[in-house]
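Asker: My questions will all concern the structure given below.
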Amino acid sequence: MIRPLAQNKKNNIFNTIFRNLFLTIALVAIFAHLAFGWANQTKDNSAPASYENQAKIIKDLGLKEEKAYELLKVLTSVGGRLTGSQAAEQAVNLMGGLMEKIGLDRVWTEPVKVNHWTRGSPEKAFVRSRRFGQQKINICALGNSIGTPGKGLEAQVLEVKSWAELESLKSQVPGKIVFYNVPMDRTIVYSFAAYGQAAQYRVRGASQAARYGAVAVLTRSLTFRLDNHPHTGMMIYDDKLPRIPAASISTLDSERLAQWLKADPDLKIYLRMACQQLEPVISHNVIGELKGAEKPEEIILLGGHLDSWDLSPGANDDAAGCVVALEALRLLKEAGLKPKRTIRAVLFMDEEFGGTGGRAYVLDSHRLNEKHLVAIEQDEGGGLPLGLSLSREEAINKLRAINQILRPFGVYWIEKGGGGVDVSPLASKGVILGSLVPDSQKYFDYHHSALDTIETIHPRELELQAIILAMVVYFFAEEGV
Ligand SMILES: [Zn+2]
């Protein structure tokens with residue numbers, strides 16, 4: 001560490017220099033060597049000293065004010081933002097307004113044609129058993145599902161725990177409700193992997209059961225927790241097969257139903273769902289940027305998805321991703337940094353119903369004269385950051401130059417991995433994808449259920465995401481890749 005010399009000490013040094021020419025030459029040589037060495041180091045290590053100062057400014061601004069959480073409150077105030085809904089449109093206007101208020105250089109929207117599915121009046125479901133009487137069960141329709149007839153439907157239930165079991169019991173399926181009781185694998189540490197594995201029954205279960213004559217399906221909710229909250233999510237019909245209603249049942253009721261079925265295999269379930277598919281509507285991606293000072297056509301993208309499910313305000317999925325993108329740009333602007341390349345926040349509409357916003361973004365005519373270098377999408381909740389994933393080695397190696405700067409903020413590893421759903425269409429254009437990866441253990445406690453509220457997010461953990469992302473996108477905007 002270099003400390004200023006005291007005045008009297010300085011005078012002593014000058015006296016010495018004048019007295020001894022040899023020492024002067026030696027000192028010059030030492031300084032020259034140090035200067036030359038530093039220049040070499042900056043060439044190899046991308047001037048970490050200046051990034052360190054900037055990181056401190058960004059960190060101080062972020063942690064003092066915790067503005068990400070304020071933005072989160074604003075965005076979640078409109079409630080669930082199902083594609084095609086009024087709340088989703090409100091969110092488009094709200095976030096565009098916030099981008100202007102922050103003072104981004106350019107703010108605009110681009111059209112996206114989105115699904116318009118509505119849940120209708122709350123679902124009703126009962127178990128009816130000669131042994132247990134009538135028992136209410138907690139269900140919710142899956143996104144895309146058709147409703148039941150107006151009076152509801154009632155049928156016996158067939159529980160299965162795998163596709164193989166469905167296949168082996170197919171002769172028993174006609175006229176029944178198939179109940180996929182497949183829990184997320186608790187032994188998998190990275191919860192998104194456990195989710196990905198179990199989600200196939202939610203996504204494809206209705207058509208697979210309809211193939212053998214089922215009248216409806218119930219899928220065990222995708223969470224490690226045992227509680228009474230059903231978790232929704234998208235399902236997809238196979239166009240060649242009949243469409244039957246599909247709902248999610250809470251994990252506690254899944255356990256109870258399995259027990260009841262053992263004692264009374266003839267029990268029936270009554271279901272009433274009023275959901276319906278309406279005509280698609282035009283919604284929007286919301287975009288704002290800090291224009292690059294030297295290479296404005298080269299873009300570093302930071303995004304999240306604006307839409308959510310309707311059962312909660314979708315604080316973790318994915319209001320958090322949207323607000324940290326916005327806060328990262330705000331921090332850079334507040335810090336007075338002028339990036340060489342453009343840093344752009346994109347709030348995608350429609351991740352949940354199939355990622356139409358991400359595809360529309362790539363195809364939009366605005367992209368013709370643009371070159372995206374890196375696209376980072378946050379869609380793993382507002383939790384504490386742990387590491388960073390990037391899709392190509394050259395980007396990982398480059399970012400390692402500021403490894404020591406990022407580490408104290410919670411980036412313990414930088415490894416190969418992808419980004420979110422909405423940025424994935426950019427991969428075919430050679431864009432490097434990435435994501436800041438937060439702790440995933442609690443995420444599915446809330447995901448797609450009524451529990452995904454802002455109380456589940458800690459303001460400092462959220463702010464750390466924004467601080468790290470500000471540093472990362474600024475680094476790539478300065479250095480390129
Ligand atoms: Zn999401």
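Residues in the structure tokens are named by chain (A, B, ... in the order shown) and by number from 1 within that chain; ligands are numbered from 1 in the order shown.
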Taking a cut-off of 12 Å and counting only C-alpha atoms and all ligand atoms, can you build a table that, for each residue of chain A near ligand 1, reports the nearest atom pair and how far apart they are in Å (one decimal), sorted by chain then residue number, as a Markdown table?
Answerer:
```
| residue | atom | partner | partner_atom_place_in_ligand_line | distance |
| --- | --- | --- | --- | --- |
| A:Arg81 | CA | ligand 1 | 1 (Zn) | 11.7 |
| A:Leu82 | CA | ligand 1 | 1 (Zn) | 11.8 |
| A:Phe192 | CA | ligand 1 | 1 (Zn) | 11.3 |
| A:Gly233 | CA | ligand 1 | 1 (Zn) | 10.1 |
| A:Met234 | CA | ligand 1 | 1 (Zn) | 11.3 |
| A:Gly303 | CA | ligand 1 | 1 (Zn) | 11.4 |
| A:Gly304 | CA | ligand 1 | 1 (Zn) | 8.0 |
| A:His305 | CA | ligand 1 | 1 (Zn) | 6.6 |
| A:Leu306 | CA | ligand 1 | 1 (Zn) | 8.9 |
| A:Asp307 | CA | ligand 1 | 1 (Zn) | 8.2 |
| A:Ser308 | CA | ligand 1 | 1 (Zn) | 7.1 |
| A:Trp309 | CA | ligand 1 | 1 (Zn) | 9.2 |
| A:Gly314 | CA | ligand 1 | 1 (Zn) | 8.6 |
| A:Ala315 | CA | ligand 1 | 1 (Zn) | 10.0 |
| A:Asn316 | CA | ligand 1 | 1 (Zn) | 7.9 |
| A:Asp317 | CA | ligand 1 | 1 (Zn) | 4.4 |
| A:Asp318 | CA | ligand 1 | 1 (Zn) | 5.0 |
| A:Ala319 | CA | ligand 1 | 1 (Zn) | 8.7 |
| A:Ala320 | CA | ligand 1 | 1 (Zn) | 9.6 |
| A:Gly321 | CA | ligand 1 | 1 (Zn) | 8.5 |
| A:Cys322 | CA | ligand 1 | 1 (Zn) | 10.4 |
| A:Leu347 | CA | ligand 1 | 1 (Zn) | 11.7 |
| A:Phe348 | CA | ligand 1 | 1 (Zn) | 10.5 |
| A:Met349 | CA | ligand 1 | 1 (Zn) | 10.8 |
| A:Asp350 | CA | ligand 1 | 1 (Zn) | 9.4 |
| A:Glu351 | CA | ligand 1 | 1 (Zn) | 6.5 |
| A:Glu352 | CA | ligand 1 | 1 (Zn) | 6.5 |
| A:Phe353 | CA | ligand 1 | 1 (Zn) | 10.3 |
| A:Gly354 | CA | ligand 1 | 1 (Zn) | 10.9 |
| A:Gly355 | CA | ligand 1 | 1 (Zn) | 10.1 |
| A:Glu377 | CA | ligand 1 | 1 (Zn) | 10.0 |
| A:Gln378 | CA | ligand 1 | 1 (Zn) | 8.5 |
| A:Asp379 | CA | ligand 1 | 1 (Zn) | 5.0 |
| A:Glu380 | CA | ligand 1 | 1 (Zn) | 6.9 |
| A:Gly381 | CA | ligand 1 | 1 (Zn) | 8.0 |
| A:Gly382 | CA | ligand 1 | 1 (Zn) | 11.3 |
| A:Gly419 | CA | ligand 1 | 1 (Zn) | 11.6 |
| A:Gly420 | CA | ligand 1 | 1 (Zn) | 8.2 |
| A:Val421 | CA | ligand 1 | 1 (Zn) | 8.3 |
| A:Asp422 | CA | ligand 1 | 1 (Zn) | 9.5 |
| A:Tyr443 | CA | ligand 1 | 1 (Zn) | 10.8 |
| A:Phe444 | CA | ligand 1 | 1 (Zn) | 11.3 |
| A:Tyr446 | CA | ligand 1 | 1 (Zn) | 11.8 |
| A:His447 | CA | ligand 1 | 1 (Zn) | 8.6 |
| A:His448 | CA | ligand 1 | 1 (Zn) | 8.8 |
| A:Asp452 | CA | ligand 1 | 1 (Zn) | 11.4 |
```
Asker: Let's see if you can do this: from backbone DSSP, list all strand (DSSP E) residues in segment 272-429 of chain A, as a ChimeraX atom specification.
Answerer: /A:272,276-290,295-305,341-348,371-377,385-390,413-416
Asker: A:Leu337, A:Ala88, A:Ala216, A:Leu390: which is nearest Gly418 of chain A, counting only C-alpha atoms?
Answerer: A:Leu390
Asker: From the DSSP assignment of the backbone, select every residue of segment 207-395 of chain A that is alpha helix (DSSP H), and format the answer as a compact mmCIF listing (two decimals) with C-alpha atoms, in the first residue's frame.
Answerer:
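Output saved as out07.txt:
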```txt
# COMPACT_ATOMS: atom_id res chain seq x y z
CA SER A 207 -52.19 -35.73 -23.25
CA GLN A 208 -50.44 -38.93 -22.15
CA ALA A 209 -53.43 -39.80 -19.95
CA ALA A 210 -55.94 -38.69 -22.60
CA THR A 251 -48.29 -31.71 -1.86
CA LEU A 252 -50.12 -32.31 1.45
CA ASP A 253 -53.31 -33.25 -0.38
CA SER A 254 -51.28 -35.50 -2.69
CA GLU A 255 -50.06 -37.40 0.38
CA ARG A 256 -53.58 -37.56 1.85
CA LEU A 257 -55.13 -38.65 -1.43
CA ALA A 258 -52.59 -41.46 -1.78
CA GLN A 259 -53.55 -42.69 1.72
CA TRP A 260 -57.28 -42.44 1.04
CA LEU A 261 -56.89 -44.35 -2.22
CA LYS A 262 -55.20 -47.20 -0.34
CA ALA A 263 -58.16 -47.44 2.04
CA ALA A 320 -36.84 -9.95 -9.00
CA GLY A 321 -35.07 -10.52 -12.33
CA CYS A 322 -36.69 -7.41 -13.83
CA VAL A 323 -35.87 -5.11 -10.94
CA VAL A 324 -32.24 -6.19 -10.56
CA ALA A 325 -31.72 -5.50 -14.27
CA LEU A 326 -33.20 -2.04 -13.84
CA GLU A 327 -31.33 -1.37 -10.60
CA ALA A 328 -28.03 -2.43 -12.18
CA LEU A 329 -28.47 0.21 -14.90
CA ARG A 330 -29.56 2.78 -12.32
CA LEU A 331 -26.42 2.12 -10.24
CA LEU A 332 -24.17 2.56 -13.28
CA LYS A 333 -25.89 5.81 -14.15
CA GLU A 334 -25.74 7.09 -10.56
CA THR A 356 -42.75 -15.72 -27.26
CA GLY A 357 -41.16 -12.47 -25.98
CA GLY A 358 -37.64 -13.85 -26.36
CA ARG A 359 -38.35 -15.01 -29.90
CA ALA A 360 -40.02 -11.71 -30.85
CA TYR A 361 -36.99 -9.81 -29.55
CA VAL A 362 -34.58 -11.65 -31.84
CA LEU A 363 -36.82 -11.18 -34.88
CA GLU A 393 -15.02 -20.30 -21.94
CA GLU A 394 -13.60 -17.10 -23.44
CA ALA A 395 -16.14 -15.03 -21.49
```
Asker: Between A:Tyr270, A:Asp445, A:Phe126, A:Leu384, which one has atoms that come closest to Ala466 of chain A, using only C-alpha atoms?
Answerer: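 Ranking A:Tyr270, A:Asp445, A:Phe126, A:Leu384 by distance to Ala466 of chain A, first place goes to A:Leu384.
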Asker: Separation of atom CA of Val481 of chain A and atom CA of His366 of chain A, in Å?
Answerer: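 Answer for the atom CA of Val481 of chain A to atom CA of His366 of chain A separation: 22.2 Å.
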Asker: So that I can see what lies close to Arg272 of chain A, please list as a CSV table (one decimal) with N, CA and C atoms, in the first residue's frame the residues with an atom at most 8 Å from it, counting only C-alpha atoms and leaving out residues fewer than 4 positions away in the same chain.
Answerer:
```csv
chain,number,residue,atom,x,y,z
A,123,GLU,N,-61.2,-22.5,-8.6
A,123,GLU,CA,-61.5,-24.0,-8.8
A,123,GLU,C,-62.1,-24.6,-7.6
A,124,LYS,N,-62.9,-25.6,-7.8
A,124,LYS,CA,-63.4,-26.4,-6.7
A,124,LYS,C,-63.1,-27.9,-6.8
A,125,ALA,N,-62.7,-28.5,-5.8
A,125,ALA,CA,-62.4,-29.9,-5.9
A,125,ALA,C,-62.6,-30.6,-4.5
A,147,GLY,N,-61.3,-25.8,-19.3
A,147,GLY,CA,-62.0,-26.0,-18.1
A,147,GLY,C,-62.8,-27.3,-18.1
A,148,THR,N,-63.5,-27.5,-17.0
A,148,THR,CA,-64.4,-28.7,-16.9
A,148,THR,C,-65.8,-28.2,-17.5
A,149,PRO,N,-66.7,-29.1,-17.7
A,149,PRO,CA,-68.1,-28.7,-18.0
A,149,PRO,C,-68.5,-27.8,-16.8
A,150,GLY,N,-69.5,-26.9,-17.1
A,150,GLY,CA,-70.0,-25.9,-16.1
A,150,GLY,C,-70.3,-26.5,-14.8
A,151,LYS,N,-70.9,-27.7,-14.8
A,151,LYS,CA,-71.3,-28.4,-13.6
A,151,LYS,C,-70.2,-29.1,-12.9
A,152,GLY,N,-69.1,-29.2,-13.6
A,152,GLY,CA,-67.9,-29.9,-13.1
A,152,GLY,C,-68.0,-31.3,-13.6
A,153,LEU,N,-67.0,-32.1,-13.2
A,153,LEU,CA,-67.0,-33.6,-13.5
A,153,LEU,C,-66.6,-34.4,-12.3
```
Asker: Compare A:Glu297, A:Asp439, A:Glu159, A:Asp105 by their minimum atom-to-atom distance to His372 of chain A, counting only C-alpha atoms, and give me the closest one.
Answerer: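 Of all the options, A:Glu297 lies closest to His372 of chain A.
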